[in-house]
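Structure file start21.txt (compact mmCIF, C-alpha atoms) is printed below.
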# COMPACT_ATOMS: atom_id res chain seq x y z
CA MET O 1 45.57 31.57 -15.31
CA HIS O 2 41.81 31.66 -15.61
CA ALA O 3 40.20 34.82 -16.82
CA GLN O 4 38.63 36.89 -14.07
CA ASN O 5 35.46 37.30 -16.09
CA SER O 6 34.42 34.39 -18.28
CA GLY O 7 31.73 36.43 -19.98
CA ARG O 8 29.04 33.93 -18.94
CA PRO O 9 25.80 35.66 -17.99
CA ALA O 10 24.78 35.13 -14.39
CA ASP O 11 21.96 32.68 -13.74
CA PRO O 12 19.89 34.31 -10.97
CA LEU O 13 18.75 30.86 -9.84
CA ASP O 14 22.32 29.56 -9.59
CA LEU O 15 24.78 32.38 -9.00
CA LEU O 16 27.33 29.95 -7.54
CA GLU O 17 27.09 27.63 -10.57
CA ILE O 18 26.29 24.62 -8.39
CA ASP O 19 25.05 22.94 -11.55
CA SER O 20 28.70 22.65 -12.68
CA LEU O 21 29.32 20.18 -9.81
CA LEU O 22 26.98 17.63 -11.39
CA THR O 23 28.07 14.98 -13.86
CA PRO O 24 26.34 14.77 -17.25
CA ASP O 25 24.47 11.67 -16.06
CA GLU O 26 23.28 13.48 -12.93
CA ARG O 27 22.05 16.39 -15.02
CA ALA O 28 20.20 13.93 -17.23
CA VAL O 29 18.41 12.46 -14.22
CA ARG O 30 17.57 15.94 -12.96
CA ASP O 31 16.28 17.05 -16.35
CA ALA O 32 14.17 13.91 -16.86
CA VAL O 33 12.41 14.38 -13.51
CA ARG O 34 11.93 18.10 -14.12
CA THR O 35 10.44 17.44 -17.55
CA PHE O 36 8.06 14.83 -16.15
CA CYS O 37 6.90 17.13 -13.36
CA ASP O 38 6.41 20.06 -15.72
CA ARG O 39 4.38 17.95 -18.14
CA ARG O 40 2.43 15.63 -15.88
CA VAL O 41 1.93 17.38 -12.54
CA GLU O 42 2.46 21.14 -12.70
CA PRO O 43 -0.70 21.84 -14.75
CA HIS O 44 -2.84 20.13 -12.08
CA ILE O 45 -1.07 20.49 -8.74
CA ALA O 46 -2.77 23.69 -7.55
CA GLU O 47 -6.19 22.16 -8.24
CA TRP O 48 -5.23 18.92 -6.47
CA PHE O 49 -4.04 20.91 -3.47
CA GLU O 50 -7.22 22.99 -3.39
CA GLN O 51 -9.43 19.91 -3.70
CA GLY O 52 -7.35 17.88 -1.25
CA ALA O 53 -7.17 14.95 -3.65
CA VAL O 54 -4.78 13.68 -6.33
CA GLU O 55 -6.51 12.63 -9.52
CA ASP O 56 -5.67 9.03 -10.54
CA ILE O 57 -2.96 8.51 -7.94
CA ARG O 58 -2.47 4.92 -9.09
CA GLY O 59 -1.87 6.03 -12.64
CA LEU O 60 0.56 8.69 -11.43
CA THR O 61 2.42 6.15 -9.27
CA LYS O 62 2.76 3.80 -12.23
CA GLU O 63 4.21 6.62 -14.32
CA LEU O 64 6.71 7.40 -11.55
CA GLY O 65 7.66 3.73 -11.60
CA GLU O 66 8.10 3.75 -15.37
CA LEU O 67 10.48 6.67 -14.94
CA GLY O 68 12.49 4.59 -12.47
CA LEU O 69 11.95 6.85 -9.46
CA LEU O 70 10.48 4.35 -6.99
CA GLY O 71 13.22 2.82 -4.88
CA MET O 72 15.66 4.28 -7.39
CA HIS O 73 18.61 4.12 -4.96
CA LEU O 74 18.09 0.40 -4.21
CA GLU O 75 19.79 -2.48 -6.04
CA GLY O 76 18.05 -5.41 -7.69
CA TYR O 77 14.42 -6.56 -7.75
CA GLY O 78 13.54 -4.13 -10.53
CA CYS O 79 15.02 -1.11 -8.76
CA ALA O 80 17.17 1.33 -10.72
CA GLY O 81 20.27 1.13 -8.48
CA MET O 82 21.12 4.80 -8.85
CA SER O 83 23.31 6.97 -6.63
CA ALA O 84 22.34 8.97 -3.56
CA VAL O 85 22.98 12.18 -5.50
CA ASP O 86 20.68 10.99 -8.29
CA TYR O 87 17.98 10.26 -5.72
CA GLY O 88 18.52 13.63 -4.07
CA LEU O 89 18.23 15.51 -7.36
CA ALA O 90 15.00 13.65 -8.08
CA CYS O 91 13.63 14.62 -4.66
CA LEU O 92 14.54 18.27 -5.29
CA GLU O 93 12.69 18.35 -8.61
CA LEU O 94 9.68 16.46 -7.26
CA GLU O 95 9.31 18.82 -4.31
CA ALA O 96 9.82 21.86 -6.52
CA THR O 97 6.46 20.79 -7.89
CA ASP O 98 4.93 19.77 -4.56
CA SER O 99 5.99 18.22 -1.26
CA GLY O 100 3.15 15.74 -1.57
CA LEU O 101 4.62 14.35 -4.78
CA ARG O 102 8.03 13.93 -3.17
CA SER O 103 6.38 12.33 -0.13
CA LEU O 104 4.69 9.74 -2.34
CA VAL O 105 8.05 8.76 -3.87
CA SER O 106 9.95 9.03 -0.59
CA VAL O 107 7.57 6.89 1.47
CA GLN O 108 7.34 4.30 -1.28
CA GLY O 109 11.09 4.02 -1.86
CA SER O 110 12.90 5.07 1.29
CA LEU O 111 10.46 3.73 3.87
CA ALA O 112 8.30 0.86 2.62
CA MET O 113 10.66 -0.50 -0.04
CA TYR O 114 13.85 0.15 1.92
CA ALA O 115 12.48 -1.70 4.95
CA ILE O 116 11.67 -4.76 2.83
CA TRP O 117 14.95 -4.49 0.88
CA ALA O 118 17.13 -4.13 3.97
CA PHE O 119 15.33 -6.35 6.48
CA GLY O 120 12.86 -8.56 4.63
CA SER O 121 13.10 -12.20 3.67
CA GLU O 122 13.86 -13.22 0.11
CA GLU O 123 10.17 -14.06 -0.25
CA HIS O 124 9.19 -10.55 0.88
CA LYS O 125 11.58 -9.00 -1.61
CA GLU O 126 10.53 -11.09 -4.56
CA GLU O 127 6.83 -10.64 -3.83
CA TRP O 128 6.77 -6.89 -3.27
CA LEU O 129 9.83 -5.02 -4.51
CA PRO O 130 9.35 -5.49 -8.29
CA ARG O 131 5.71 -4.38 -8.05
CA LEU O 132 6.54 -1.42 -5.81
CA ALA O 133 9.41 -0.37 -8.09
CA ALA O 134 7.12 -0.52 -11.12
CA GLY O 135 4.42 1.47 -9.34
CA THR O 136 1.84 -1.24 -9.90
CA ALA O 137 1.64 -1.53 -6.11
CA ILE O 138 1.76 1.22 -3.49
CA GLY O 139 3.37 0.90 -0.06
CA CYS O 140 3.12 2.72 3.26
CA PHE O 141 5.08 2.71 6.51
CA GLY O 142 3.33 2.47 9.86
CA LEU O 143 5.39 3.80 12.77
CA THR O 144 3.80 6.99 14.20
CA GLU O 145 0.85 6.53 16.50
CA PRO O 146 -1.76 8.91 17.97
CA ASP O 147 0.22 9.09 21.23
CA SER O 148 3.68 8.12 19.97
CA GLY O 149 5.61 10.43 17.68
CA SER O 150 9.12 11.48 18.68
CA ASP O 151 9.26 8.57 21.16
CA PRO O 152 8.55 5.53 18.96
CA GLY O 153 9.70 3.22 21.73
CA SER O 154 6.44 4.03 23.53
CA MET O 155 4.28 2.61 20.73
CA ARG O 156 1.21 0.66 21.79
CA THR O 157 0.63 -1.36 18.63
CA ALA O 158 1.39 -4.95 19.63
CA ALA O 159 1.87 -8.29 17.94
CA ARG O 160 1.44 -11.61 19.72
CA HIS O 161 1.91 -15.21 18.71
CA ASP O 162 -1.12 -17.41 18.14
CA GLY O 163 0.22 -20.79 17.15
CA ASP O 164 2.37 -20.20 14.08
CA ASP O 165 0.59 -16.92 13.30
CA TRP O 166 0.93 -13.36 14.51
CA ILE O 167 -2.03 -11.25 15.68
CA LEU O 168 -1.59 -7.46 15.36
CA ASP O 169 -3.66 -4.88 17.23
CA GLY O 170 -3.19 -1.13 17.31
CA ARG O 171 -3.41 2.14 15.45
CA LYS O 172 -0.99 4.20 13.42
CA MET O 173 -1.49 7.87 12.55
CA TRP O 174 -0.40 10.36 9.87
CA ILE O 175 0.54 7.61 7.43
CA THR O 176 1.34 8.78 3.89
CA ASN O 177 -0.19 6.57 1.16
CA GLY O 178 -2.12 4.58 3.78
CA SER O 179 -5.59 4.42 2.27
CA VAL O 180 -4.30 3.68 -1.25
CA ALA O 181 -1.55 1.23 -0.23
CA ASP O 182 -1.42 -2.43 -1.23
CA VAL O 183 1.12 -3.26 1.47
CA ALA O 184 2.00 -1.69 4.81
CA VAL O 185 5.22 -2.12 6.75
CA VAL O 186 3.94 -1.96 10.33
CA TRP O 187 6.11 -1.76 13.45
CA ALA O 188 4.78 -3.32 16.64
CA ARG O 189 5.82 -4.35 20.13
CA THR O 190 6.39 -8.06 20.70
CA ASP O 191 7.78 -10.20 23.50
CA ASP O 192 11.00 -10.10 21.51
CA GLY O 193 11.17 -6.31 21.19
CA ILE O 194 9.94 -4.08 18.37
CA ARG O 195 9.51 -5.97 15.10
CA GLY O 196 8.42 -5.03 11.60
CA PHE O 197 5.64 -6.81 9.72
CA VAL O 198 4.74 -6.92 6.04
CA VAL O 199 0.97 -6.49 6.01
CA PRO O 200 -1.05 -6.81 2.79
CA THR O 201 -3.78 -4.22 3.15
CA ASP O 202 -6.52 -6.63 2.08
CA THR O 203 -5.90 -8.68 5.24
CA PRO O 204 -9.08 -8.92 7.36
CA GLY O 205 -9.03 -6.50 10.27
CA PHE O 206 -6.86 -3.94 8.48
CA SER O 207 -8.39 -0.60 7.51
CA ALA O 208 -6.95 2.79 6.58
CA PRO O 209 -9.42 5.68 6.83
CA ALA O 210 -8.19 8.85 5.19
CA ILE O 211 -7.39 11.88 7.37
CA LYS O 212 -9.41 14.91 6.31
CA HIS O 213 -9.30 18.66 7.01
CA LYS O 214 -5.56 19.05 6.44
CA MET O 215 -4.26 22.50 5.55
CA SER O 216 -0.86 21.12 4.53
CA LEU O 217 0.23 18.31 2.19
CA ARG O 218 -3.22 18.41 0.67
CA ALA O 219 -1.97 16.83 -2.57
CA SER O 220 -0.92 13.77 -0.60
CA VAL O 221 -2.86 10.84 0.82
CA THR O 222 -2.61 10.79 4.62
CA SER O 223 -4.36 8.11 6.65
CA GLU O 224 -4.83 6.34 9.92
CA LEU O 225 -4.04 2.62 10.03
CA VAL O 226 -6.34 0.51 12.17
CA LEU O 227 -5.26 -3.04 13.01
CA ASP O 228 -8.07 -5.00 14.66
CA SER O 229 -6.89 -8.57 15.36
CA VAL O 230 -5.05 -8.72 12.03
CA ARG O 231 -3.88 -12.30 11.57
CA LEU O 232 -0.64 -12.79 9.67
CA PRO O 233 1.44 -15.89 8.97
CA GLY O 234 4.67 -16.34 10.88
CA SER O 235 6.55 -15.42 7.70
CA ALA O 236 5.13 -11.87 7.76
CA VAL O 237 7.74 -10.62 10.24
CA LEU O 238 10.87 -8.91 8.89
CA PRO O 239 13.54 -11.42 9.89
CA GLU O 240 16.68 -9.30 9.71
CA VAL O 241 16.09 -6.66 12.39
CA ARG O 242 14.88 -6.22 15.95
CA GLY O 243 14.37 -3.04 17.95
CA LEU O 244 14.19 0.60 16.90
CA LYS O 245 17.24 0.26 14.65
CA GLY O 246 14.89 -0.97 11.92
CA PRO O 247 12.44 1.92 11.64
CA LEU O 248 15.04 4.57 12.49
CA SER O 249 17.38 3.43 9.73
CA CYS O 250 14.48 3.66 7.29
CA LEU O 251 13.71 7.17 8.52
CA ASN O 252 17.30 8.23 7.92
CA GLU O 253 16.95 7.17 4.29
CA ALA O 254 13.85 9.32 3.92
CA ARG O 255 15.25 12.27 5.90
CA TYR O 256 18.18 12.43 3.52
CA GLY O 257 15.76 12.94 0.63
CA ILE O 258 13.94 15.66 2.57
CA ALA O 259 17.18 17.68 2.80
CA TRP O 260 17.17 17.85 -0.99
CA GLY O 261 13.42 18.13 -1.43
CA ALA O 262 13.04 21.16 0.82
CA MET O 263 15.41 23.04 -1.45
CA GLY O 264 13.10 22.30 -4.35
CA ALA O 265 10.18 23.96 -2.59
CA ALA O 266 12.46 26.88 -1.72
CA ARG O 267 13.69 27.22 -5.30
CA SER O 268 10.17 27.28 -6.67
CA SER O 269 9.13 30.02 -4.24
CA PHE O 270 12.28 32.04 -4.83
CA ARG O 271 11.80 31.84 -8.59
CA ALA O 272 8.19 33.00 -8.28
CA ALA O 273 9.14 35.93 -6.03
CA LEU O 274 12.04 36.98 -8.26
CA ALA O 275 9.85 37.02 -11.37
CA TYR O 276 7.03 38.79 -9.55
CA ALA O 277 9.37 41.48 -8.20
CA GLY O 278 10.56 42.20 -11.74
CA ASP O 279 7.02 42.56 -13.06
CA ARG O 280 5.30 44.33 -10.19
CA VAL O 281 5.49 48.11 -10.61
CA GLN O 282 4.98 50.48 -7.69
CA PHE O 283 6.05 54.13 -7.46
CA ASP O 284 6.83 54.00 -11.20
CA ARG O 285 9.43 51.23 -11.03
CA PRO O 286 9.60 47.46 -10.55
CA ILE O 287 9.77 46.57 -6.88
CA SER O 288 12.92 44.56 -7.65
CA GLY O 289 14.66 47.93 -7.93
CA PHE O 290 14.07 48.80 -4.28
CA GLN O 291 16.78 48.13 -1.73
CA LEU O 292 14.62 46.27 0.77
CA THR O 293 13.31 43.90 -1.90
CA GLN O 294 16.83 43.27 -3.15
CA ALA O 295 17.93 42.52 0.42
CA LYS O 296 15.17 39.92 0.72
CA LEU O 297 16.04 38.36 -2.62
CA THR O 298 19.72 38.26 -1.74
CA ASP O 299 19.11 36.57 1.60
CA MET O 300 16.84 34.02 -0.09
CA ALA O 301 19.42 33.28 -2.80
CA ILE O 302 22.18 32.81 -0.22
CA GLU O 303 20.15 30.41 1.92
CA LEU O 304 18.99 28.49 -1.13
CA ALA O 305 22.55 28.05 -2.38
CA LYS O 306 23.86 27.08 1.07
CA GLY O 307 21.13 24.50 1.56
CA THR O 308 21.63 23.04 -1.91
CA LEU O 309 25.38 22.78 -1.36
CA LEU O 310 24.74 21.06 1.97
CA ALA O 311 22.43 18.53 0.33
CA PHE O 312 24.96 17.94 -2.44
CA HIS O 313 27.77 17.41 0.07
CA LEU O 314 25.65 14.91 2.01
CA GLY O 315 24.85 13.09 -1.22
CA ARG O 316 28.48 12.77 -2.23
CA ALA O 317 29.36 11.61 1.30
CA LYS O 318 26.51 9.08 1.31
CA ASP O 319 27.72 7.61 -1.98
CA ASP O 320 31.33 7.57 -0.80
CA ARG O 321 31.15 6.31 2.78
CA GLY O 322 27.61 6.57 4.15
CA LEU O 323 26.14 9.07 6.58
CA ARG O 324 25.93 9.12 10.35
CA PRO O 325 22.49 9.92 11.83
CA GLU O 326 23.57 13.35 13.07
CA GLN O 327 24.74 14.26 9.57
CA VAL O 328 21.30 13.43 8.20
CA SER O 329 19.77 15.48 11.03
CA PHE O 330 22.04 18.38 10.09
CA GLY O 331 20.66 18.42 6.56
CA LYS O 332 17.03 17.86 7.46
CA LEU O 333 17.03 20.49 10.22
CA ASN O 334 18.87 23.22 8.34
CA ASN O 335 17.19 22.81 5.00
CA THR O 336 13.61 22.57 6.19
CA ARG O 337 14.03 25.66 8.38
CA SER O 338 15.74 27.59 5.60
CA ALA O 339 13.19 26.54 2.99
CA LEU O 340 10.27 27.61 5.15
CA GLU O 341 11.85 31.00 5.77
CA ILE O 342 12.49 31.44 2.03
CA CYS O 343 8.82 30.68 1.31
CA ARG O 344 7.64 33.09 3.97
CA THR O 345 9.90 35.84 2.63
CA ALA O 346 8.71 35.17 -0.91
CA ARG O 347 5.16 35.62 0.34
CA THR O 348 5.98 39.07 1.68
CA ILE O 349 7.44 40.16 -1.66
CA MET O 350 4.31 39.04 -3.46
CA GLY O 351 1.90 40.69 -1.05
CA ALA O 352 -1.68 39.45 -1.27
CA ASN O 353 -0.84 37.49 -4.44
CA GLY O 354 1.46 35.39 -2.27
CA ILE O 355 -1.53 33.67 -0.68
CA SER O 356 -3.15 32.79 -4.01
CA LEU O 357 -2.87 29.31 -5.50
CA GLU O 358 -2.28 31.06 -8.81
CA TYR O 359 1.30 31.07 -7.50
CA PRO O 360 3.11 28.19 -5.75
CA VAL O 361 4.35 30.08 -2.70
CA ILE O 362 1.60 29.61 -0.10
CA ARG O 363 1.22 25.96 -1.14
CA HIS O 364 4.92 25.33 -0.56
CA ALA O 365 4.86 27.27 2.72
CA ASN O 366 1.88 25.28 4.00
CA ASN O 367 3.52 22.00 2.97
CA LEU O 368 6.79 22.91 4.65
CA GLU O 369 4.98 23.44 7.93
CA SER O 370 4.51 19.65 7.87
CA ILE O 371 7.94 18.86 6.44
CA LEU O 372 9.49 20.87 9.29
CA THR O 373 8.16 18.44 11.90
CA TYR O 374 7.54 15.12 10.18
CA GLU O 375 10.20 12.43 10.21
CA GLY O 376 11.78 14.18 13.16
CA THR O 377 10.82 17.48 14.74
CA VAL O 378 13.11 20.49 14.98
CA GLU O 379 13.62 19.63 18.64
CA MET O 380 14.64 16.01 18.01
CA HIS O 381 17.08 16.83 15.21
CA THR O 382 18.53 19.64 17.31
CA LEU O 383 19.15 17.18 20.14
CA MET O 384 20.60 14.58 17.78
CA ILE O 385 23.20 17.12 16.72
CA GLY O 386 23.62 18.27 20.32
CA GLN O 387 24.33 14.70 21.40
CA ALA O 388 26.98 14.37 18.69
CA LEU O 389 28.58 17.63 19.86
CA THR O 390 28.54 16.92 23.59
CA GLY O 391 28.22 13.19 24.05
CA GLN O 392 25.12 13.78 26.19
CA ALA O 393 21.68 12.45 25.23
CA ALA O 394 19.48 15.34 26.38
CA PHE O 395 16.22 13.75 25.21
CA ARG O 396 16.50 10.72 27.53
Entire entry expressed as structure tokens:
Amino acid sequence: MHAQNSGRPADPLDLLEIDSLLTPDERAVRDAVRTFCDRRVEPHIAEWFEQGAVEDIRGLTKELGELGLLGMHLEGYGCAGMSAVDYGLACLELEATDSGLRSLVSVQGSLAMYAIWAFGSEEHKEEWLPRLAAGTAIGCFGLTEPDSGSDPGSMRTAARHDGDDWILDGRKMWITNGSVADVAVVWARTDDGIRGFVVPTDTPGFSAPAIKHKMSLRASVTSELVLDSVRLPGSAVLPEVRGLKGPLSCLNEARYGIAWGAMGAARSSFRAALAYAGDRVQFDRPISGFQLTQAKLTDMAIELAKGTLLAFHLGRAKDDRGLRPEQVSFGKLNNTRSALEICRTARTIMGANGISLEYPVIRHANNLESILTYEGTVEMHTLMIGQALTGQAAFR
């Protein structure tokens, strides 16, 4: 019989002791990423967000590569070959610092690198994956267009044969890492269906102007990709996939990481609100002693624990047997919505201080407004789950 009360003090950030579900190796991964973020990024992230620019992004990317975080769940070619849970824990810690940092790692590893790893030729893999894993090169992923978001099949970017070469024309929009990337994986319409292309960004006709005036993901590079008669050799096409299966399978890899990452942003905001409520005195007592504040904190703690458990379950399932698309949608939809509500509630506890960059809350809330809709809107993930429940594709 186990004792009813072990005598362990409660951890307000982990009342359910979810940490006990992790192996020692998983905790080591989590701790290494947390230590890196605390040392390298936390002292600067509010300033980067306010300025809308990351200082020395190439140096930061190289450091992320040295830590083994870029393409960490892929095998071979200099990649770390770690588990889905390891990758998820890394995403959680990265996004606890800032969604833009997690986006950098996620787009590099789960979109650009995964596309080359899963669908590229051996030449593509050998040329790009070791450099991308080391962080000495940066990648981006060109799918979304100005008029094509949730319906990627309506993309206008096109590739046509010209002798043995391909000629690409079109535009992509809202592309993370675009203007600092060395290589872009670009999806385009062809006479043979939608195909992916490995595009070195120094190819004539390729440009990537940065998108300005963002009020979210400001510590992240976001760009437009412009392809103006970009000539590529016949070998540039990804040989192992045709149709939307290619880009959508990449997106599922990245969406899985978002389910974890959103809980990092939520944890950071919850921690800030909990500490603030204990320090803020009104009516001669800390506001944490008032019933309504405790109700808010309790609701936040419950949703944070539920979302973290969901992410952990998906990670174990992914490592064991893989995930179906609707399972990934389940995690992305629930956890982004819950995280945003946690951040908004934290803001109310902190009052006017909640909108100051002296605290992380408004930064996380602003970022999550993007995370809520990128890589699949609430509506699309809702209908993915609805289709799995009913057998009816309501979005077609």
When you look at range 169-171 of chain O with a cut-off of 8 Å (counting all atoms listed in the file), what residues show up, excluding the ones that are within fewer than 3 positions of it in the same chain? I need them as a PyMOL selection string. chain O and resi 145-146+156-159+224-230
Can you tell me, as a PyMOL selection string, what residues are no more than 10 Å from Gln51 in chain O when counting all atoms listed in the file, ignoring any on the same chain fewer than 5 positions away? chain O and resi 45-46+218-219
Which residues are close to range 366-370 of chain O, i.e. within 9 Å by only C-alpha atoms, leaving aside same-chain residues fewer than 3 positions away? Reply as a list in words.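 Listed by chain and then number, they are Asp98, Ser99, Gly100, Met215, Ser216, Leu217, Arg218, Ala262, Ala265, Thr336, Arg337, Ala339, Leu340, Cys343, Val361, Ile362, Arg363, Thr373 and Tyr374 of chain O.
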Up to 6 Å from (20.6, 16.2, 3.8) in the file's coordinates: name the residues, counting all atoms listed in the file, as a ChimeraX atom specification. /O:256,259,311,314,328,331-332
Show me a table, sorted first by chain and then by increasing residue number, of the residues of range 150-248 of chain O having an atom at most 10 Å from range 130-137 of chain O, each with its shortest atom pair and the distance in Å to one decimal, counting only C-alpha atoms and written as a tab-separated table.
residue	atom	partner	partner_atom	distance
O:Val180	CA	O:Ala137	CA	9.3
O:Ala181	CA	O:Ala137	CA	7.2
O:Asp182	CA	O:Ala137	CA	5.8
O:Val183	CA	O:Ala137	CA	7.8
Restricting the calculation to only C-alpha atoms: of O:Ala317, O:His44, O:Ser223, O:Ile302, which residue gets closest to Ile175 in chain O?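 Selected residue with least distance to Ile175 in chain O: O:Ser223.
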Do you know which residues are at most 12 Å from Asp279 in chain O counting only C-alpha atoms, after dropping those on the same chain fewer than 6 positions away, and could you put them as number ranges by chain? O: 272-273, 285-289, 349-350
Please produce an output containing C-alpha atoms for each residue in the selection, written as a compact mmCIF listing (two decimals), in the coordinates of the input.
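Final output, result_35.txt:
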# COMPACT_ATOMS: atom_id res chain seq x y z
CA ALA O 272 8.19 33.00 -8.28
CA ALA O 273 9.14 35.93 -6.03
CA ARG O 285 9.43 51.23 -11.03
CA PRO O 286 9.60 47.46 -10.55
CA ILE O 287 9.77 46.57 -6.88
CA SER O 288 12.92 44.56 -7.65
CA GLY O 289 14.66 47.93 -7.93
CA ILE O 349 7.44 40.16 -1.66
CA MET O 350 4.31 39.04 -3.46
Mind giving me the straight-line distance from CA of Arg271 in chain O to CA of Pro12 in chain O in Å, one decimal? 8.8 Å
Kindly complete range 289-296 of chain O to all heavy atoms; the output should be written as a tab-separated table (two decimals), in the frame of the given file.
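Result file is out.tsv:
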chain	number	residue	atom	x	y	z
O	289	GLY	N	13.68	46.85	-7.96
O	289	GLY	CA	14.66	47.93	-7.93
O	289	GLY	C	14.79	48.60	-6.57
O	289	GLY	O	15.64	49.49	-6.41
O	290	PHE	N	13.99	48.19	-5.61
O	290	PHE	CA	14.07	48.80	-4.28
O	290	PHE	C	15.03	48.02	-3.39
O	290	PHE	O	15.12	46.79	-3.46
O	290	PHE	CB	12.68	48.86	-3.64
O	290	PHE	CG	11.75	49.82	-4.32
O	290	PHE	CD1	10.71	49.36	-5.11
O	290	PHE	CD2	11.94	51.19	-4.19
O	290	PHE	CE1	9.85	50.24	-5.76
O	290	PHE	CE2	11.07	52.08	-4.83
O	290	PHE	CZ	10.03	51.61	-5.62
O	291	GLN	N	15.73	48.74	-2.53
O	291	GLN	CA	16.78	48.13	-1.73
O	291	GLN	C	16.25	47.03	-0.82
O	291	GLN	O	16.88	45.97	-0.68
O	291	GLN	CB	17.50	49.20	-0.90
O	291	GLN	CG	18.31	50.17	-1.75
O	291	GLN	CD	19.02	51.22	-0.90
O	291	GLN	OE1	18.97	51.19	0.32
O	291	GLN	NE2	19.67	52.16	-1.57
O	292	LEU	N	15.12	47.27	-0.16
O	292	LEU	CA	14.62	46.27	0.77
O	292	LEU	C	14.22	44.98	0.06
O	292	LEU	O	14.42	43.88	0.59
O	292	LEU	CB	13.45	46.83	1.57
O	292	LEU	CG	13.80	47.95	2.55
O	292	LEU	CD1	12.55	48.44	3.27
O	292	LEU	CD2	14.82	47.47	3.58
O	293	THR	N	13.65	45.11	-1.13
O	293	THR	CA	13.31	43.90	-1.90
O	293	THR	C	14.57	43.16	-2.32
O	293	THR	O	14.64	41.93	-2.25
O	293	THR	CB	12.47	44.27	-3.13
O	293	THR	OG1	11.29	44.96	-2.71
O	293	THR	CG2	12.08	43.03	-3.91
O	294	GLN	N	15.58	43.91	-2.76
O	294	GLN	CA	16.83	43.27	-3.15
O	294	GLN	C	17.49	42.57	-1.96
O	294	GLN	O	18.10	41.51	-2.11
O	294	GLN	CB	17.79	44.28	-3.78
O	294	GLN	CG	17.35	44.74	-5.15
O	294	GLN	CD	18.43	45.49	-5.91
O	294	GLN	OE1	19.56	45.59	-5.46
O	294	GLN	NE2	18.08	45.98	-7.09
O	295	ALA	N	17.38	43.16	-0.78
O	295	ALA	CA	17.93	42.52	0.42
O	295	ALA	C	17.23	41.19	0.68
O	295	ALA	O	17.89	40.18	1.01
O	295	ALA	CB	17.80	43.44	1.61
O	296	LYS	N	15.91	41.17	0.53
O	296	LYS	CA	15.17	39.92	0.72
O	296	LYS	C	15.59	38.87	-0.31
O	296	LYS	O	15.84	37.70	0.02
O	296	LYS	CB	13.67	40.16	0.62
O	296	LYS	CG	13.07	40.95	1.77
O	296	LYS	CD	11.57	41.14	1.56
O	296	LYS	CE	10.94	41.92	2.71
O	296	LYS	NZ	9.49	42.10	2.53
